[in-house]
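Visitor: Quick one, model-v8.cif (mmCIF, C-alpha atoms):
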data_data
#
loop_
_atom_site.label_atom_id
_atom_site.label_comp_id
_atom_site.auth_asym_id
_atom_site.auth_seq_id
_atom_site.Cartn_x
_atom_site.Cartn_y
_atom_site.Cartn_z
CA MET A 14 22.56 -27.92 -3.88
CA THR A 15 19.50 -25.83 -3.00
CA THR A 16 19.98 -22.92 -0.61
CA ARG A 17 17.69 -23.17 2.41
CA ILE A 18 16.73 -20.13 4.48
CA LEU A 19 14.93 -19.74 7.79
CA LEU A 20 12.91 -16.51 7.82
CA VAL A 21 11.71 -15.26 11.21
CA GLU A 22 9.09 -12.48 10.98
CA ASP A 23 5.75 -12.02 12.75
CA ASP A 24 4.08 -9.41 10.52
CA PRO A 25 2.12 -11.22 7.75
CA THR A 26 2.68 -8.61 5.01
CA THR A 27 6.38 -8.27 5.72
CA SER A 28 6.79 -12.04 6.01
CA ALA A 29 5.11 -12.62 2.65
CA PHE A 30 7.31 -9.99 0.99
CA LEU A 31 10.58 -11.27 2.45
CA ALA A 32 9.72 -14.90 1.71
CA ALA A 33 8.93 -14.10 -1.93
CA ALA A 34 12.13 -12.09 -2.25
CA ALA A 35 14.25 -14.83 -0.68
CA GLN A 36 12.74 -17.49 -2.93
CA GLY A 37 14.03 -15.46 -5.88
CA VAL A 38 17.67 -15.98 -4.80
CA PRO A 39 16.72 -18.87 -5.52
CA ALA A 40 16.16 -20.62 -2.20
CA GLU A 41 13.75 -22.74 -0.23
CA VAL A 42 12.30 -20.70 2.64
CA ASP A 43 10.97 -21.93 5.98
CA VAL A 44 8.95 -19.27 7.82
CA ALA A 45 8.57 -18.83 11.58
CA GLU A 46 6.49 -16.18 13.36
CA SER A 47 8.22 -16.34 16.76
CA CYS A 48 11.39 -17.34 18.57
CA ALA A 49 9.76 -20.59 19.71
CA ALA A 50 8.69 -21.50 16.17
CA ALA A 51 12.14 -20.64 14.82
CA LEU A 52 13.88 -22.86 17.36
CA ALA A 53 11.52 -25.71 16.48
CA LEU A 54 12.20 -25.35 12.75
CA ALA A 55 15.95 -25.01 13.24
CA GLY A 56 16.22 -28.17 15.31
CA ASP A 57 19.55 -29.37 16.67
CA ARG A 58 21.46 -29.83 13.44
CA ASP A 59 22.38 -27.53 10.58
CA ARG A 60 19.29 -27.47 8.36
CA HIS A 61 19.66 -23.96 6.96
CA ASP A 62 22.36 -22.06 5.13
CA LEU A 63 21.07 -18.68 6.30
CA TRP A 64 18.83 -17.19 8.96
CA LEU A 65 16.88 -13.96 8.27
CA ILE A 66 15.79 -12.84 11.73
CA ASP A 67 13.57 -9.92 12.73
CA ALA A 68 15.09 -7.79 15.48
CA ASN A 69 11.76 -7.66 17.39
CA LEU A 70 9.53 -10.69 17.89
CA PRO A 71 6.44 -11.41 20.00
CA ASP A 72 8.27 -13.70 22.43
CA GLY A 73 11.74 -12.17 22.43
CA ASP A 74 14.22 -10.42 20.19
CA GLY A 75 16.48 -11.31 17.32
CA ALA A 76 19.69 -11.07 19.32
CA GLY A 77 18.36 -13.47 21.95
CA LEU A 78 17.15 -15.90 19.30
CA LEU A 79 20.52 -15.85 17.60
CA ALA A 80 22.24 -16.58 20.91
CA SER A 81 19.90 -19.56 21.48
CA LEU A 82 20.60 -20.93 18.01
CA ARG A 83 24.34 -20.57 18.48
CA ALA A 84 24.08 -22.30 21.87
CA ARG A 85 22.85 -25.38 20.02
CA GLY A 86 26.03 -25.38 17.95
CA LEU A 87 24.26 -24.27 14.78
CA ARG A 88 26.46 -22.39 12.32
CA ALA A 89 24.21 -20.79 9.68
CA ILE A 90 25.01 -17.24 8.60
CA ALA A 91 22.65 -14.76 10.25
CA LEU A 92 21.20 -11.55 8.80
CA ALA A 93 18.95 -9.27 10.85
CA HIS A 94 16.11 -7.19 9.47
CA THR A 95 14.52 -4.26 11.26
CA ALA A 96 12.45 -1.14 10.66
CA ALA A 97 14.69 0.73 13.10
CA THR A 98 17.15 3.22 11.64
CA GLU A 99 18.99 4.39 14.76
CA PRO A 100 22.76 3.77 14.41
CA ALA A 101 23.00 2.43 17.97
CA THR A 102 20.35 -0.22 17.24
CA LEU A 103 22.02 -1.32 14.01
CA THR A 104 25.43 -1.46 15.70
CA ALA A 105 24.05 -3.53 18.57
CA LEU A 106 22.65 -6.09 16.13
CA ARG A 107 25.99 -6.44 14.37
CA GLU A 108 27.72 -6.80 17.72
CA ALA A 109 25.22 -9.55 18.61
CA GLY A 110 26.60 -11.61 15.73
CA PHE A 111 24.56 -10.69 12.68
CA ARG A 112 26.67 -10.52 9.52
CA GLU A 113 24.54 -7.72 8.06
CA VAL A 114 21.51 -5.69 9.13
CA LEU A 115 18.83 -4.96 6.52
CA VAL A 116 16.57 -1.95 7.14
CA LYS A 117 12.92 -2.38 6.16
CA PRO A 118 11.31 -1.50 3.84
CA MET A 119 13.66 -2.51 1.05
CA PRO A 120 13.28 -3.74 -2.54
CA ALA A 121 13.50 -7.47 -3.18
CA SER A 122 16.77 -6.91 -5.02
CA THR A 123 18.43 -5.53 -1.88
CA LEU A 124 17.59 -8.61 0.17
CA GLN A 125 18.59 -10.93 -2.66
CA ALA A 126 21.92 -9.14 -3.13
CA ALA A 127 22.68 -9.39 0.60
CA VAL A 128 21.87 -13.09 0.71
CA ARG A 129 23.92 -13.85 -2.39
CA ASN A 130 26.81 -11.78 -1.07
CA VAL A 131 27.11 -13.53 2.31
CA LEU A 132 26.65 -16.96 0.73
CA GLY A 133 29.21 -16.26 -1.99
CA LEU A 134 26.66 -16.41 -4.79
CA ARG A 135 26.36 -14.03 -7.71
CA VAL A 136 25.37 -10.56 -6.52
CA SER A 137 22.86 -8.49 -8.51
CA GLU A 138 22.61 -4.71 -8.55
CA ALA A 139 20.23 -3.32 -5.92
CA ALA A 140 18.33 -0.06 -6.13
CA PRO A 141 17.15 1.87 -3.05
CA LEU A 142 13.47 1.88 -2.24
CA ALA A 143 11.98 5.37 -2.17
CA PHE A 144 8.55 6.89 -2.47
CA HIS A 145 8.09 9.11 -5.50
CA ALA A 146 7.72 12.82 -4.80
CA ASP A 147 4.59 13.16 -6.94
CA ALA A 148 2.87 10.47 -4.86
CA LEU A 149 3.36 12.04 -1.43
CA GLU A 150 -0.17 13.48 -1.34
CA ALA A 151 -1.73 10.21 -2.50
CA ALA A 152 -2.61 7.26 -0.30
CA TRP A 153 -0.75 4.81 -2.53
CA ASP A 154 2.47 4.87 -4.54
CA ASP A 155 2.22 2.16 -7.19
CA ALA A 156 5.66 2.92 -8.61
CA ALA A 157 7.37 2.32 -5.25
CA ALA A 158 5.46 -0.90 -4.63
CA LEU A 159 6.24 -2.27 -8.09
CA ALA A 160 9.91 -1.31 -7.75
CA ALA A 161 10.11 -3.16 -4.43
CA LEU A 162 8.78 -6.33 -6.06
CA ASN A 163 10.69 -6.16 -9.35
CA GLY A 164 7.59 -5.11 -11.29
CA GLU A 165 5.48 -8.13 -10.28
CA ARG A 166 1.95 -6.71 -10.23
CA ALA A 167 0.39 -9.93 -8.93
CA HIS A 168 2.74 -9.92 -5.95
CA VAL A 169 1.89 -6.30 -5.18
CA ASP A 170 -1.83 -7.06 -5.25
CA ALA A 171 -1.41 -10.11 -3.00
CA LEU A 172 0.65 -8.19 -0.45
CA ARG A 173 -1.78 -5.27 -0.45
CA LYS A 174 -4.64 -7.63 0.32
CA LEU A 175 -2.74 -8.99 3.31
CA PHE A 176 -1.90 -5.45 4.41
CA LEU A 177 -5.49 -4.23 4.14
CA ASP A 178 -6.84 -7.29 5.97
CA GLU A 179 -4.46 -6.58 8.87
CA LEU A 180 -4.79 -2.78 8.96
CA PRO A 181 -8.09 -2.42 10.89
CA GLY A 182 -6.84 -4.67 13.69
CA THR A 183 -3.53 -2.86 13.80
CA CYS A 184 -5.31 0.50 14.07
CA ASP A 185 -7.39 -0.83 16.94
CA SER A 186 -4.18 -1.90 18.71
CA VAL A 187 -2.59 1.52 18.14
CA ARG A 188 -5.69 3.36 19.37
CA ALA A 189 -5.98 1.19 22.48
CA ALA A 190 -2.28 1.51 23.32
CA ALA A 191 -2.38 5.29 22.87
CA HIS A 192 -5.46 5.71 25.03
CA ALA A 193 -3.92 3.48 27.74
CA SER A 194 -0.60 5.36 27.52
CA ASP A 195 1.06 1.98 26.90
CA ALA A 196 4.26 3.18 25.24
CA ASP A 197 5.70 -0.30 24.69
CA ALA A 198 2.58 -1.65 22.96
CA LEU A 199 2.28 1.49 20.84
CA ARG A 200 5.93 1.32 19.81
CA ALA A 201 5.63 -2.35 18.87
CA ALA A 202 2.49 -1.87 16.75
CA LEU A 203 3.92 1.11 14.89
CA HIS A 204 7.24 -0.66 14.33
CA ARG A 205 5.53 -3.58 12.59
CA LEU A 206 3.30 -1.31 10.51
CA ARG A 207 6.14 0.94 9.31
CA ALA A 208 7.85 -1.78 7.28
CA SER A 209 4.69 -3.21 5.74
CA CYS A 210 3.58 0.27 4.59
CA GLY A 211 6.77 0.55 2.58
CA PHE A 212 6.45 -2.86 0.99
CA VAL A 213 2.98 -2.11 -0.40
CA GLY A 214 3.47 1.58 -1.25
CA ALA A 215 1.05 2.90 1.40
CA VAL A 216 2.77 6.28 1.40
CA ARG A 217 0.29 8.38 3.39
CA MET A 218 0.01 5.66 6.01
CA ALA A 219 3.80 5.47 6.25
CA ALA A 220 4.05 9.22 6.86
CA ALA A 221 1.37 9.05 9.56
CA VAL A 222 3.17 6.17 11.27
CA ALA A 223 6.44 8.10 11.29
CA ALA A 224 4.73 11.19 12.73
CA LEU A 225 3.11 9.20 15.54
CA GLN A 226 6.40 7.47 16.32
CA GLN A 227 7.98 10.88 16.77
CA ALA A 228 5.14 12.22 18.94
CA PRO A 229 3.46 9.19 20.58
CA GLN A 230 1.58 11.32 23.12
CA SER A 231 0.14 13.73 20.56
CA THR A 232 -3.62 13.47 20.11
CA GLN A 233 -3.26 15.29 16.79
CA ALA A 234 -0.71 12.76 15.52
CA LEU A 235 -3.03 9.93 16.56
CA ALA A 236 -5.97 11.58 14.81
CA ARG A 237 -3.92 12.01 11.63
CA PHE A 238 -2.85 8.38 11.86
CA LEU A 239 -6.44 7.14 12.13
CA GLN A 240 -7.54 9.42 9.26
CA ALA A 241 -4.68 8.15 7.10
CA ALA A 242 -5.77 4.59 7.83
CA GLN A 243 -9.34 5.39 6.83
CA ASP A 244 -8.15 7.06 3.62
CA THR A 245 -5.88 4.12 2.83
CA LEU A 246 -8.66 1.59 3.32
CA SER A 247 -11.22 3.59 1.32
CA SER A 248 -8.87 4.21 -1.61
CA ALA A 249 -7.43 0.71 -1.92
CA PRO A 250 -6.39 0.10 -5.55
CA VAL A 251 -8.49 -2.39 -7.46
CA PRO A 252 -6.36 -5.27 -8.83
CA ASP A 253 -6.12 -5.46 -12.62
CA GLU A 254 -8.33 -8.02 -14.28
CA ALA A 255 -6.48 -11.11 -15.42
#
In C-alpha cells, how does this file's structure come out?

Guide:
Amino acid sequence: MTTRILLVEDDPTTSAFLAAAAQGVPAEVDVAESCAAALALAGDRDRHDLWLIDANLPDGDGAGLLASLRARGLRAIALAHTAATEPATLTALREAGFREVLVKPMPASTLQAAVRNVLGLRVSEAAPLAFHADALEAAWDDAAALAALNGERAHVDALRKLFLDELPGTCDSVRAAAHASDADALRAALHRLRASCGFVGAVRMAAAVAALQQAPQSTQALARFLQAAQDTLSSAPVPDEA
C-alpha cells in the first residue's frame, strides 16, 4: 500500500525540497500552502498516513492546524517542520501533539529517516546538513546543496531557480518591513528565507539573514542583507549542460 503524505508549507523553494524528499520515502505527496488548503485536502476522513506541517503559515500556525485536523477525528501521524531553533518553540510544538519536530534546513535523508521511523518503515542513516568552512566567503556552497539533495544536481538547479525567482520579492518585503518598523512582517519574511537558503546552499545569504534576525533594527545588518542578496543574484551558478 502506497504511503500518502500531506505537506503543508507556503515557501515555494522549501515546499519543492520537502516534497521531493518525501517522495523518496517512497510516498505520494499532496501539497498545501495554507491552513485552509490543508483542511480542504485532508477532508473529513483519513486520506493520509502522515502530515508534515510548517509551524508558521500565512493564515495560522501549525499547532492550530493540527488541532483543527484532530477535531475532525483524523488520526494521521503529525510531524512539524520549522526554521526556529529555540528549545521553547520546539517543546511547544511537541506538546501540541507533533510526534517529532524537524528543524530546517535539513538533508533529504533526515526527513526520510524521520518519516520512515514514525511509520515503522526501514530507517536510513541521516547525515547533518552543514555549510563547508571553505565556502563561508562564497555566495554559494555547492557541496552543502548537493549533500542536502543526495547528490541530485538537477534537483539542486531546479530549487535554485525557484529560490532566485522568489528572492527579489522577498528582499522587497524585508526592506519594506524594516523601514516600517513592522517587526512581525520582518520576522515572518526572514523565517521563510532562512530555511530556503540552506536547501540551496546560499551560504552568504543565510549568514546575512541570521545577522538581521539577531539585530532587526540595525541599519547596518539590513544593508549587509541587501548586499548579500545582490551578490547572491549576480553570482548565481549556471546549470550544467545536459

Visitor: Need to verify the contact set: A:Ala45, 7 Å, only C-alpha atoms, exclusion of same-chain residues closer than 4 positions in sequence. Can you return it as a PDB file with C-alpha atoms, in the frame of the given file?

Guide:
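Listed below is the output, part32.pdb:
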ATOM      1  CA  LEU A  20      12.910 -16.510   7.820  1.00  0.00           C
ATOM      2  CA  VAL A  21      11.710 -15.260  11.210  1.00  0.00           C
ATOM      3  CA  GLU A  22       9.090 -12.480  10.980  1.00  0.00           C
ATOM      4  CA  ALA A  50       8.690 -21.500  16.170  1.00  0.00           C
ATOM      5  CA  ALA A  51      12.140 -20.640  14.820  1.00  0.00           C
TER       6      ALA A  51
END

Visitor: Any idea what's packed within 7 Å of stretch 194-209 of chain A, counting only C-alpha atoms, ignoring anything in its chain fewer than 5 positions away? Could you give it as a list in words?

Guide: Asp24, Thr26, Thr27, Ala96, Lys117, Pro118, Thr183, Ser186, Val187, Ala219, Val222 and Gln226 of chain A

Visitor: Find the residues around A:Leu63 up to 7 Å (all atoms listed in the file counted), leave out those fewer than 5 positions away in its own chain, and share them as number ranges by chain.

Guide: A: 17-19, 89-91

Visitor: Just how far from atom CA of A:Trp64 is atom CA of A:Ala158, in Å to one decimal?

Guide: 25.1 Å

Visitor: Would you mind telling me which residue in A:Pro120, A:Gly77, A:Pro71, A:Gly56 lies nearest to A:Ala34 when using only C-alpha atoms?

Guide: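 Selected residue with least distance to A:Ala34: A:Pro120.
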
Visitor: Taking the file as shown, what set of residues would the PyMOL selection byres ((chain A and resi 173-179) around 7) give back, as a PyMOL selection string?

Guide: chain A and resi 25-26+169-172+180-183+213+246

Visitor: Could you write out the selected residues, including C-alpha atoms, as a PDB file, keeping the file's coordinate frame?

Guide:
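Below is the file that was written, selection-v3.pdb:
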ATOM      1  CA  PRO A  25       2.120 -11.220   7.750  1.00  0.00           C
ATOM      2  CA  THR A  26       2.680  -8.610   5.010  1.00  0.00           C
ATOM      3  CA  VAL A 169       1.890  -6.300  -5.180  1.00  0.00           C
ATOM      4  CA  ASP A 170      -1.830  -7.060  -5.250  1.00  0.00           C
ATOM      5  CA  ALA A 171      -1.410 -10.110  -3.000  1.00  0.00           C
ATOM      6  CA  LEU A 172       0.650  -8.190  -0.450  1.00  0.00           C
ATOM      7  CA  LEU A 180      -4.790  -2.780   8.960  1.00  0.00           C
ATOM      8  CA  PRO A 181      -8.090  -2.420  10.890  1.00  0.00           C
ATOM      9  CA  GLY A 182      -6.840  -4.670  13.690  1.00  0.00           C
ATOM     10  CA  THR A 183      -3.530  -2.860  13.800  1.00  0.00           C
ATOM     11  CA  VAL A 213       2.980  -2.110  -0.400  1.00  0.00           C
ATOM     12  CA  LEU A 246      -8.660   1.590   3.320  1.00  0.00           C
TER      13      LEU A 246
END

Visitor: Check the smallest atom-to-atom distance from each of A:Ala35, A:Pro100, A:Thr15, A:Ala167 to A:Arg60 using only C-alpha atoms, then report the winner.

Guide: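 Using only C-alpha atoms, the shortest distance to A:Arg60 belongs to A:Thr15.
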
Visitor: Please identify all polymer residues within 9 Å of A:Ala33, counting only C-alpha atoms, omitting same-chain residues fewer than 2 positions from it, and present them as an MDAnalysis selection string.

Guide: chainID A and resid 28:31 35:37 42 121 162 168

Visitor: Could the residues in this selection be saved with C-alpha atoms as a PDB file, in the coordinates of the input?

Guide:
ATOM      1  CA  SER A  28       6.790 -12.040   6.010  1.00  0.00           C
ATOM      2  CA  ALA A  29       5.110 -12.620   2.650  1.00  0.00           C
ATOM      3  CA  PHE A  30       7.310  -9.990   0.990  1.00  0.00           C
ATOM      4  CA  LEU A  31      10.580 -11.270   2.450  1.00  0.00           C
ATOM      5  CA  ALA A  35      14.250 -14.830  -0.680  1.00  0.00           C
ATOM      6  CA  GLN A  36      12.740 -17.490  -2.930  1.00  0.00           C
ATOM      7  CA  GLY A  37      14.030 -15.460  -5.880  1.00  0.00           C
ATOM      8  CA  VAL A  42      12.300 -20.700   2.640  1.00  0.00           C
ATOM      9  CA  ALA A 121      13.500  -7.470  -3.180  1.00  0.00           C
ATOM     10  CA  LEU A 162       8.780  -6.330  -6.060  1.00  0.00           C
ATOM     11  CA  HIS A 168       2.740  -9.920  -5.950  1.00  0.00           C
TER      12      HIS A 168
END
